[in-house]
Amino acid sequence: MFDERSPIYLQIAEQIKNDIVSGALAEDEQVMSTNQYAAFYRINPATAAKGFAQLVDEGVLYKKRGIGMFVSPNARDLLRTGRRDSFFADVVDPMIREAMAIGVPLRDVLQHIRKYGDS
Amino acid sequence: MADTALSVHTDNLSVRFAGAPALDRLDLRLAPGKIHGLLGRNGSGKSTLAAVLAGFRQPDEGQVLIEGAGLGTPMAPYENAVVTSRICLIRESGDVADSLQVRHALALAASLRPYWNADLAGELLDRFEVPTNKRMQKLSRGKKSALGAVLGLASRAPLTIFDETYLGMDVPSRRAFYDALLADYAEVPRTIVLSTHLVNEVSTLLEDVVILDNGRLVTQSPVDSLRGRGAAVVGPAKVVDEFTAGFTVLAEEKLGGTKSITVLGDFDPTLLAQAASAGLEVGPVGLQELFVHLTAPTPKGTRS
């Protein structure tokens with residue numbers, strides 16, 4: 001579930017963000033409580049709380065006092081915009097480096113991409 | 001946090017067995033209401049530390065102080081019933097007389113433990129399928145361990161220490177123990193110490209860790225800041241050596257002209273970029289691996 005390589009609270013935050021981007025978690029939908037989350041994933045409740053707090057700071061989740069945490073109404077847009085900004089650096093550049101390293105001409109890569117049309 | 005959770009604080013704590021130090025000048029702080037991991041190899045002093053914290057034995061030097069609501073001033077646990085009634089240490093050996101029936105051991109715990117929860121005990125006995133009409137000596141190792149887990153959890157002691165209690169349990173029972181621990185901790189937060197060398201199994205349960213080696217404190221830190229504190233740098237030997245100069249080296253390996261050096265240190269983005277442009281790969285080091293390196297019998301390379 002979690003790997004040992006980065007703080008678990010960051011992995012929790014990342015997972016919830018992925019669920020929001022994919023639509024698995026809808027906007028204004030309630031997320032699990034930290035204790036439910038901790039029990040489900042067998043992690044320390046403080047760790048879960050730290051991951052949630054980070055998402056509240058980032059504006060991805062909001063708190064309703066006494067009820068729980070909810071997905072912010074603009075969370076999906078916020079996250080998609082953020083990922084669009086880093087898309088070329090995080091996804092395209094490594095692909096181009098790999099293509100050059102193994103000798104795939106960029107012209108072939110472009111041709112492949114065009115098959116998906118201009119949408 | 002429950003107002004009853006206890007904090008622990010040791011100064012210069014030392015214990016010697018026949019002159020040899022089992023615990024060597026430990027200065028520890030265990031914050032109240034957290035789940036602490038006490039990690040170390042066999043013989044590192046975990047059990048001795050657990051016994052001293054629970055007041056089972058006296059330090060030879062230095063002191064242990066337990067502090068929390070209901071205690072007034074910080075107190076040493078040794079021969080102090082006010083403190084020890086709030087502390088529950090469960091050891092692998094069980095500490096229950098062999099001739100005693102399980103239900104009598106439970107009744108004894110119920111009478112001695114001020115925060116004892118009989119409902120929880122009953123529920124856990126069912127879950128771990130511990131027979132209550134048998135004598136302790138007739139229980140399998142796994143059931144003895146499970147009974148230890150039940151006694152420890154149902155005690156709801158403001159400071160509960162599990163000293164490798166669960167080692168006798170099989171994997172499904174250990175999982176059930178971790179689940180029960182988290183569930184009850186969520187309900188009644190208290191200070192819990194899990195002493196173990198099964199780092200991978202418990203690492204996600206922990207908030208803070210103490211690592212002991214040869215009776216000495218190697219590190220005490222929130223688990224999140226330990227994760228990712230180490231880095232494995234791999235590349236051409238000469239470049240790796242230059243890049244890691246100045247870092248604390250935990251381990252190094254060489255294969256032909258390629259070298260891998262595991263170092264302690266935070267690699268910020270600038271440093272990572274430098275490494276990448278020097279043709280080096282920087283990989284993360286997990287908690288278990290870090291633990292192994294920090295407590296290795298003969299650390300390679302230099303330690304600072």
# chains A, B, ... in the order shown; residues from 1 in each chain; ligands from 1
call {"tool": "select_by_dssp", "arguments": {"residues": "chain A", "states": "helix (DSSP H, G or I)", "output": "ChimeraX atom specification"}}
result
/A:8-22,34-41,45-57,75-102,106-114
call {"tool": "residues_around", "arguments": {"residues": "stretch 23-35 of chain A", "least_positions_apart": "4", "cutoff": "12 Å", "atoms": "only C-alpha atoms", "output": "PyMOL selection string"}}
result
(chain A and resi 9+12-13+15-19+39-53+55+60-64+66-80) or (chain B and resi 179+182-189)
call {"tool": "residues_around", "arguments": {"residues": "stretch 67-79 of chain B", "least_positions_apart": "2", "cutoff": "12 Å", "atoms": "only C-alpha atoms", "output": "MDAnalysis selection string"}}
result
chainID B and resid 1:11 13 29:33 50:59 62:65 81:88 158:159 190:191
call {"tool": "write_last_selection", "arguments": {"atoms": "C-alpha atoms", "output": "PDB file, in the first residue's frame"}}
result
ATOM      1  CA  MET B   1      -5.300  13.080  23.671  1.00  0.00           C
ATOM      2  CA  ALA B   2      -6.520  11.394  26.811  1.00  0.00           C
ATOM      3  CA  ASP B   3      -5.698  13.431  29.870  1.00  0.00           C
ATOM      4  CA  THR B   4      -4.267  10.290  31.429  1.00  0.00           C
ATOM      5  CA  ALA B   5      -1.508   9.633  28.872  1.00  0.00           C
ATOM      6  CA  LEU B   6       1.935   9.584  30.454  1.00  0.00           C
ATOM      7  CA  SER B   7       5.213  10.957  29.220  1.00  0.00           C
ATOM      8  CA  VAL B   8       8.604   9.448  29.914  1.00  0.00           C
ATOM      9  CA  HIS B   9      11.855  11.201  30.385  1.00  0.00           C
ATOM     10  CA  THR B  10      15.216   9.636  31.165  1.00  0.00           C
ATOM     11  CA  ASP B  11      18.465  11.357  32.076  1.00  0.00           C
ATOM     12  CA  LEU B  13      20.028   6.339  32.316  1.00  0.00           C
ATOM     13  CA  ARG B  29      11.851  11.831  25.858  1.00  0.00           C
ATOM     14  CA  LEU B  30       8.701   9.914  25.034  1.00  0.00           C
ATOM     15  CA  ALA B  31       5.861  12.333  24.336  1.00  0.00           C
ATOM     16  CA  PRO B  32       2.446  11.480  25.807  1.00  0.00           C
ATOM     17  CA  GLY B  33      -0.354   9.994  23.711  1.00  0.00           C
ATOM     18  CA  ALA B  50      11.279  -1.534  28.893  1.00  0.00           C
ATOM     19  CA  ALA B  51      11.851  -3.133  32.320  1.00  0.00           C
ATOM     20  CA  VAL B  52      13.312   0.071  33.744  1.00  0.00           C
ATOM     21  CA  LEU B  53      10.492   2.217  32.346  1.00  0.00           C
ATOM     22  CA  ALA B  54       7.938  -0.098  33.937  1.00  0.00           C
ATOM     23  CA  GLY B  55       9.713  -0.029  37.300  1.00  0.00           C
ATOM     24  CA  PHE B  56      10.659  -3.728  37.139  1.00  0.00           C
ATOM     25  CA  ARG B  57      14.235  -2.788  37.952  1.00  0.00           C
ATOM     26  CA  GLN B  58      16.222   0.167  39.155  1.00  0.00           C
ATOM     27  CA  PRO B  59      18.718   2.108  37.054  1.00  0.00           C
ATOM     28  CA  GLY B  62      20.735   8.305  36.070  1.00  0.00           C
ATOM     29  CA  GLN B  63      16.972   8.342  36.338  1.00  0.00           C
ATOM     30  CA  VAL B  64      13.606   7.623  34.739  1.00  0.00           C
ATOM     31  CA  LEU B  65      10.768  10.020  35.404  1.00  0.00           C
ATOM     32  CA  ALA B  81       2.568   1.790  43.159  1.00  0.00           C
ATOM     33  CA  VAL B  82       0.965   5.095  42.170  1.00  0.00           C
ATOM     34  CA  VAL B  83       3.048   5.085  39.002  1.00  0.00           C
ATOM     35  CA  THR B  84       3.259   1.375  38.277  1.00  0.00           C
ATOM     36  CA  SER B  85      -0.512   0.907  38.461  1.00  0.00           C
ATOM     37  CA  ARG B  86      -0.643   3.224  35.440  1.00  0.00           C
ATOM     38  CA  ILE B  87       2.033   1.353  33.514  1.00  0.00           C
ATOM     39  CA  CYS B  88       1.552  -1.998  31.825  1.00  0.00           C
ATOM     40  CA  PRO B 158      -1.750   5.345  30.312  1.00  0.00           C
ATOM     41  CA  LEU B 159       1.693   3.923  29.469  1.00  0.00           C
ATOM     42  CA  ARG B 190      -2.543   6.697  25.409  1.00  0.00           C
ATOM     43  CA  THR B 191       1.200   6.351  25.347  1.00  0.00           C
TER      44      THR B 191
END
call {"tool": "atom_distance", "arguments": {"atom1": "atom CA of B:His293", "atom2": "atom CA of B:Phe243"}}
result
19.8 Å
call {"tool": "closest_atom_pairs", "arguments": {"of": "chain B", "to": "chain A", "cutoff": "7 Å", "atoms": "only C-alpha atoms", "output": "JSON lines"}}
result
{"residue": "B:Asp179", "atom": "CA", "partner": "A:Ala39", "partner_atom": "CA", "distance": 6.6}
{"residue": "B:Leu182", "atom": "CA", "partner": "A:Ala39", "partner_atom": "CA", "distance": 6.3}
{"residue": "B:Ala183", "atom": "CA", "partner": "A:Ala39", "partner_atom": "CA", "distance": 6.4}
{"residue": "B:Ala186", "atom": "CA", "partner": "A:Asn35", "partner_atom": "CA", "distance": 6.3}
{"residue": "B:Thr204", "atom": "CA", "partner": "A:Ile43", "partner_atom": "CA", "distance": 4.8}
{"residue": "B:Leu205", "atom": "CA", "partner": "A:Asn44", "partner_atom": "CA", "distance": 4.5}
{"residue": "B:Leu206", "atom": "CA", "partner": "A:Asn44", "partner_atom": "CA", "distance": 5.8}
{"residue": "B:Glu207", "atom": "CA", "partner": "A:Asn44", "partner_atom": "CA", "distance": 6.5}
{"residue": "B:Asp224", "atom": "CA", "partner": "A:Pro7", "partner_atom": "CA", "distance": 4.9}
{"residue": "B:Arg227", "atom": "CA", "partner": "A:Pro7", "partner_atom": "CA", "distance": 5.7}
{"residue": "B:Gly228", "atom": "CA", "partner": "A:Ser6", "partner_atom": "CA", "distance": 5.4}
{"residue": "B:Pro284", "atom": "CA", "partner": "A:Arg5", "partner_atom": "CA", "distance": 5.6}
{"residue": "B:Val285", "atom": "CA", "partner": "A:Arg5", "partner_atom": "CA", "distance": 6.2}
{"residue": "B:Gly286", "atom": "CA", "partner": "A:Glu4", "partner_atom": "CA", "distance": 4.6}
{"residue": "B:Leu287", "atom": "CA", "partner": "A:Glu4", "partner_atom": "CA", "distance": 6.2}
call {"tool": "atom_distance", "arguments": {"atom1": "atom CA of A:Val21", "atom2": "atom CA of A:Leu110"}}
result
26.8 Å
call {"tool": "select_by_dssp", "arguments": {"residues": "stretch 82-303 of chain B", "states": "strand (DSSP E)", "output": "ChimeraX atom specification"}}
result
/B:87-91,159-163,191-196,208-213,216-222,230-236,248-255,258-264,281-284
call {"tool": "decode", "arguments": {"residues": "stretch 59-93 of chain A", "atoms": "N, CA, C and O atoms", "output": "PDB file, in the first residue's frame"}}
result
ATOM      1  N   GLY A  59      -5.904  23.623   0.175  1.00  0.00           N
ATOM      2  CA  GLY A  59      -7.222  23.993  -0.344  1.00  0.00           C
ATOM      3  C   GLY A  59      -7.931  22.863  -1.066  1.00  0.00           C
ATOM      4  O   GLY A  59      -8.940  23.076  -1.739  1.00  0.00           O
ATOM      5  N   VAL A  60      -7.412  21.646  -0.952  1.00  0.00           N
ATOM      6  CA  VAL A  60      -8.020  20.503  -1.634  1.00  0.00           C
ATOM      7  C   VAL A  60      -9.192  19.956  -0.809  1.00  0.00           C
ATOM      8  O   VAL A  60     -10.191  19.513  -1.351  1.00  0.00           O
ATOM      9  N   LEU A  61      -9.036  19.981   0.508  1.00  0.00           N
ATOM     10  CA  LEU A  61     -10.108  19.550   1.402  1.00  0.00           C
ATOM     11  C   LEU A  61     -10.541  20.733   2.263  1.00  0.00           C
ATOM     12  O   LEU A  61      -9.779  21.674   2.457  1.00  0.00           O
ATOM     13  N   TYR A  62     -11.766  20.674   2.762  1.00  0.00           N
ATOM     14  CA  TYR A  62     -12.162  21.645   3.771  1.00  0.00           C
ATOM     15  C   TYR A  62     -12.850  20.927   4.913  1.00  0.00           C
ATOM     16  O   TYR A  62     -13.327  19.794   4.769  1.00  0.00           O
ATOM     17  N   LYS A  63     -12.817  21.591   6.084  1.00  0.00           N
ATOM     18  CA  LYS A  63     -13.300  20.985   7.309  1.00  0.00           C
ATOM     19  C   LYS A  63     -14.673  21.524   7.649  1.00  0.00           C
ATOM     20  O   LYS A  63     -14.909  22.726   7.538  1.00  0.00           O
ATOM     21  N   LYS A  64     -15.588  20.636   8.027  1.00  0.00           N
ATOM     22  CA  LYS A  64     -16.838  21.116   8.626  1.00  0.00           C
ATOM     23  C   LYS A  64     -16.774  20.704  10.082  1.00  0.00           C
ATOM     24  O   LYS A  64     -16.686  19.515  10.390  1.00  0.00           O
ATOM     25  N   ARG A  65     -16.797  21.711  10.918  1.00  0.00           N
ATOM     26  CA  ARG A  65     -16.601  21.448  12.345  1.00  0.00           C
ATOM     27  C   ARG A  65     -17.586  20.412  12.876  1.00  0.00           C
ATOM     28  O   ARG A  65     -18.788  20.514  12.664  1.00  0.00           O
ATOM     29  N   GLY A  66     -17.053  19.384  13.520  1.00  0.00           N
ATOM     30  CA  GLY A  66     -17.900  18.377  14.146  1.00  0.00           C
ATOM     31  C   GLY A  66     -18.456  17.344  13.183  1.00  0.00           C
ATOM     32  O   GLY A  66     -19.101  16.386  13.604  1.00  0.00           O
ATOM     33  N   ILE A  67     -18.236  17.552  11.873  1.00  0.00           N
ATOM     34  CA  ILE A  67     -18.778  16.588  10.907  1.00  0.00           C
ATOM     35  C   ILE A  67     -17.663  15.819  10.222  1.00  0.00           C
ATOM     36  O   ILE A  67     -17.680  14.592  10.185  1.00  0.00           O
ATOM     37  N   GLY A  68     -16.676  16.545   9.714  1.00  0.00           N
ATOM     38  CA  GLY A  68     -15.566  15.860   9.070  1.00  0.00           C
ATOM     39  C   GLY A  68     -14.950  16.671   7.947  1.00  0.00           C
ATOM     40  O   GLY A  68     -15.119  17.891   7.880  1.00  0.00           O
ATOM     41  N   MET A  69     -14.233  15.971   7.069  1.00  0.00           N
ATOM     42  CA  MET A  69     -13.519  16.614   5.956  1.00  0.00           C
ATOM     43  C   MET A  69     -14.240  16.355   4.643  1.00  0.00           C
ATOM     44  O   MET A  69     -14.751  15.258   4.419  1.00  0.00           O
ATOM     45  N   PHE A  70     -14.232  17.380   3.798  1.00  0.00           N
ATOM     46  CA  PHE A  70     -14.901  17.270   2.508  1.00  0.00           C
ATOM     47  C   PHE A  70     -13.972  17.741   1.394  1.00  0.00           C
ATOM     48  O   PHE A  70     -13.055  18.527   1.618  1.00  0.00           O
ATOM     49  N   VAL A  71     -14.260  17.275   0.174  1.00  0.00           N
ATOM     50  CA  VAL A  71     -13.481  17.697  -0.987  1.00  0.00           C
ATOM     51  C   VAL A  71     -13.934  19.112  -1.380  1.00  0.00           C
ATOM     52  O   VAL A  71     -15.135  19.366  -1.505  1.00  0.00           O
ATOM     53  N   SER A  72     -12.984  20.003  -1.556  1.00  0.00           N
ATOM     54  CA  SER A  72     -13.313  21.388  -1.921  1.00  0.00           C
ATOM     55  C   SER A  72     -13.997  21.421  -3.288  1.00  0.00           C
ATOM     56  O   SER A  72     -13.681  20.615  -4.166  1.00  0.00           O
ATOM     57  N   PRO A  73     -14.917  22.377  -3.467  1.00  0.00           N
ATOM     58  CA  PRO A  73     -15.669  22.447  -4.721  1.00  0.00           C
ATOM     59  C   PRO A  73     -14.774  22.628  -5.954  1.00  0.00           C
ATOM     60  O   PRO A  73     -15.114  22.164  -7.030  1.00  0.00           O
ATOM     61  N   ASN A  74     -13.638  23.305  -5.766  1.00  0.00           N
ATOM     62  CA  ASN A  74     -12.796  23.532  -6.949  1.00  0.00           C
ATOM     63  C   ASN A  74     -11.552  22.645  -6.943  1.00  0.00           C
ATOM     64  O   ASN A  74     -10.595  22.895  -7.676  1.00  0.00           O
ATOM     65  N   ALA A  75     -11.571  21.590  -6.121  1.00  0.00           N
ATOM     66  CA  ALA A  75     -10.360  20.787  -5.926  1.00  0.00           C
ATOM     67  C   ALA A  75      -9.865  20.162  -7.230  1.00  0.00           C
ATOM     68  O   ALA A  75      -8.673  20.172  -7.528  1.00  0.00           O
ATOM     69  N   ARG A  76     -10.807  19.643  -8.006  1.00  0.00           N
ATOM     70  CA  ARG A  76     -10.394  18.918  -9.215  1.00  0.00           C
ATOM     71  C   ARG A  76      -9.696  19.870 -10.189  1.00  0.00           C
ATOM     72  O   ARG A  76      -8.631  19.556 -10.721  1.00  0.00           O
ATOM     73  N   ASP A  77     -10.307  21.059 -10.385  1.00  0.00           N
ATOM     74  CA  ASP A  77      -9.705  22.057 -11.268  1.00  0.00           C
ATOM     75  C   ASP A  77      -8.321  22.462 -10.782  1.00  0.00           C
ATOM     76  O   ASP A  77      -7.378  22.549 -11.555  1.00  0.00           O
ATOM     77  N   LEU A  78      -8.259  22.685  -9.475  1.00  0.00           N
ATOM     78  CA  LEU A  78      -7.009  23.109  -8.853  1.00  0.00           C
ATOM     79  C   LEU A  78      -5.894  22.091  -9.136  1.00  0.00           C
ATOM     80  O   LEU A  78      -4.793  22.435  -9.561  1.00  0.00           O
ATOM     81  N   LEU A  79      -6.226  20.819  -8.919  1.00  0.00           N
ATOM     82  CA  LEU A  79      -5.234  19.762  -9.084  1.00  0.00           C
ATOM     83  C   LEU A  79      -4.868  19.566 -10.549  1.00  0.00           C
ATOM     84  O   LEU A  79      -3.715  19.362 -10.893  1.00  0.00           O
ATOM     85  N   ARG A  80      -5.899  19.642 -11.417  1.00  0.00           N
ATOM     86  CA  ARG A  80      -5.626  19.455 -12.842  1.00  0.00           C
ATOM     87  C   ARG A  80      -4.745  20.584 -13.368  1.00  0.00           C
ATOM     88  O   ARG A  80      -3.833  20.348 -14.156  1.00  0.00           O
ATOM     89  N   THR A  81      -5.010  21.795 -12.916  1.00  0.00           N
ATOM     90  CA  THR A  81      -4.182  22.925 -13.352  1.00  0.00           C
ATOM     91  C   THR A  81      -2.741  22.714 -12.903  1.00  0.00           C
ATOM     92  O   THR A  81      -1.795  22.885 -13.673  1.00  0.00           O
ATOM     93  N   GLY A  82      -2.592  22.297 -11.630  1.00  0.00           N
ATOM     94  CA  GLY A  82      -1.257  22.059 -11.095  1.00  0.00           C
ATOM     95  C   GLY A  82      -0.509  21.012 -11.906  1.00  0.00           C
ATOM     96  O   GLY A  82       0.662  21.180 -12.247  1.00  0.00           O
ATOM     97  N   ARG A  83      -1.205  19.942 -12.247  1.00  0.00           N
ATOM     98  CA  ARG A  83      -0.530  18.881 -12.992  1.00  0.00           C
ATOM     99  C   ARG A  83      -0.245  19.288 -14.430  1.00  0.00           C
ATOM    100  O   ARG A  83       0.748  18.856 -15.012  1.00  0.00           O
ATOM    101  N   ARG A  84      -1.140  20.128 -14.994  1.00  0.00           N
ATOM    102  CA  ARG A  84      -0.882  20.615 -16.361  1.00  0.00           C
ATOM    103  C   ARG A  84       0.410  21.428 -16.386  1.00  0.00           C
ATOM    104  O   ARG A  84       1.204  21.311 -17.303  1.00  0.00           O
ATOM    105  N   ASP A  85       0.592  22.229 -15.312  1.00  0.00           N
ATOM    106  CA  ASP A  85       1.792  23.078 -15.270  1.00  0.00           C
ATOM    107  C   ASP A  85       3.074  22.256 -15.286  1.00  0.00           C
ATOM    108  O   ASP A  85       4.087  22.691 -15.819  1.00  0.00           O
ATOM    109  N   SER A  86       3.038  21.087 -14.663  1.00  0.00           N
ATOM    110  CA  SER A  86       4.281  20.318 -14.593  1.00  0.00           C
ATOM    111  C   SER A  86       4.282  19.146 -15.587  1.00  0.00           C
ATOM    112  O   SER A  86       5.184  18.325 -15.573  1.00  0.00           O
ATOM    113  N   PHE A  87       3.267  19.094 -16.438  1.00  0.00           N
ATOM    114  CA  PHE A  87       3.118  17.951 -17.344  1.00  0.00           C
ATOM    115  C   PHE A  87       4.339  17.761 -18.241  1.00  0.00           C
ATOM    116  O   PHE A  87       4.879  16.668 -18.366  1.00  0.00           O
ATOM    117  N   PHE A  88       4.794  18.874 -18.856  1.00  0.00           N
ATOM    118  CA  PHE A  88       5.907  18.720 -19.803  1.00  0.00           C
ATOM    119  C   PHE A  88       7.192  18.322 -19.090  1.00  0.00           C
ATOM    120  O   PHE A  88       7.909  17.447 -19.548  1.00  0.00           O
ATOM    121  N   ALA A  89       7.440  18.938 -17.942  1.00  0.00           N
ATOM    122  CA  ALA A  89       8.664  18.622 -17.204  1.00  0.00           C
ATOM    123  C   ALA A  89       8.619  17.199 -16.626  1.00  0.00           C
ATOM    124  O   ALA A  89       9.609  16.472 -16.663  1.00  0.00           O
ATOM    125  N   ASP A  90       7.438  16.802 -16.119  1.00  0.00           N
ATOM    126  CA  ASP A  90       7.355  15.511 -15.423  1.00  0.00           C
ATOM    127  C   ASP A  90       7.116  14.332 -16.352  1.00  0.00           C
ATOM    128  O   ASP A  90       7.533  13.209 -16.073  1.00  0.00           O
ATOM    129  N   VAL A  91       6.383  14.564 -17.431  1.00  0.00           N
ATOM    130  CA  VAL A  91       5.975  13.433 -18.262  1.00  0.00           C
ATOM    131  C   VAL A  91       6.639  13.453 -19.642  1.00  0.00           C
ATOM    132  O   VAL A  91       7.218  12.450 -20.079  1.00  0.00           O
ATOM    133  N   VAL A  92       6.587  14.601 -20.321  1.00  0.00           N
ATOM    134  CA  VAL A  92       7.062  14.627 -21.709  1.00  0.00           C
ATOM    135  C   VAL A  92       8.587  14.604 -21.785  1.00  0.00           C
ATOM    136  O   VAL A  92       9.162  13.823 -22.557  1.00  0.00           O
ATOM    137  N   ASP A  93       9.248  15.433 -20.978  1.00  0.00           N
ATOM    138  CA  ASP A  93      10.708  15.487 -21.051  1.00  0.00           C
ATOM    139  C   ASP A  93      11.373  14.126 -20.806  1.00  0.00           C
ATOM    140  O   ASP A  93      12.259  13.740 -21.574  1.00  0.00           O
TER     141      ASP A  93
END
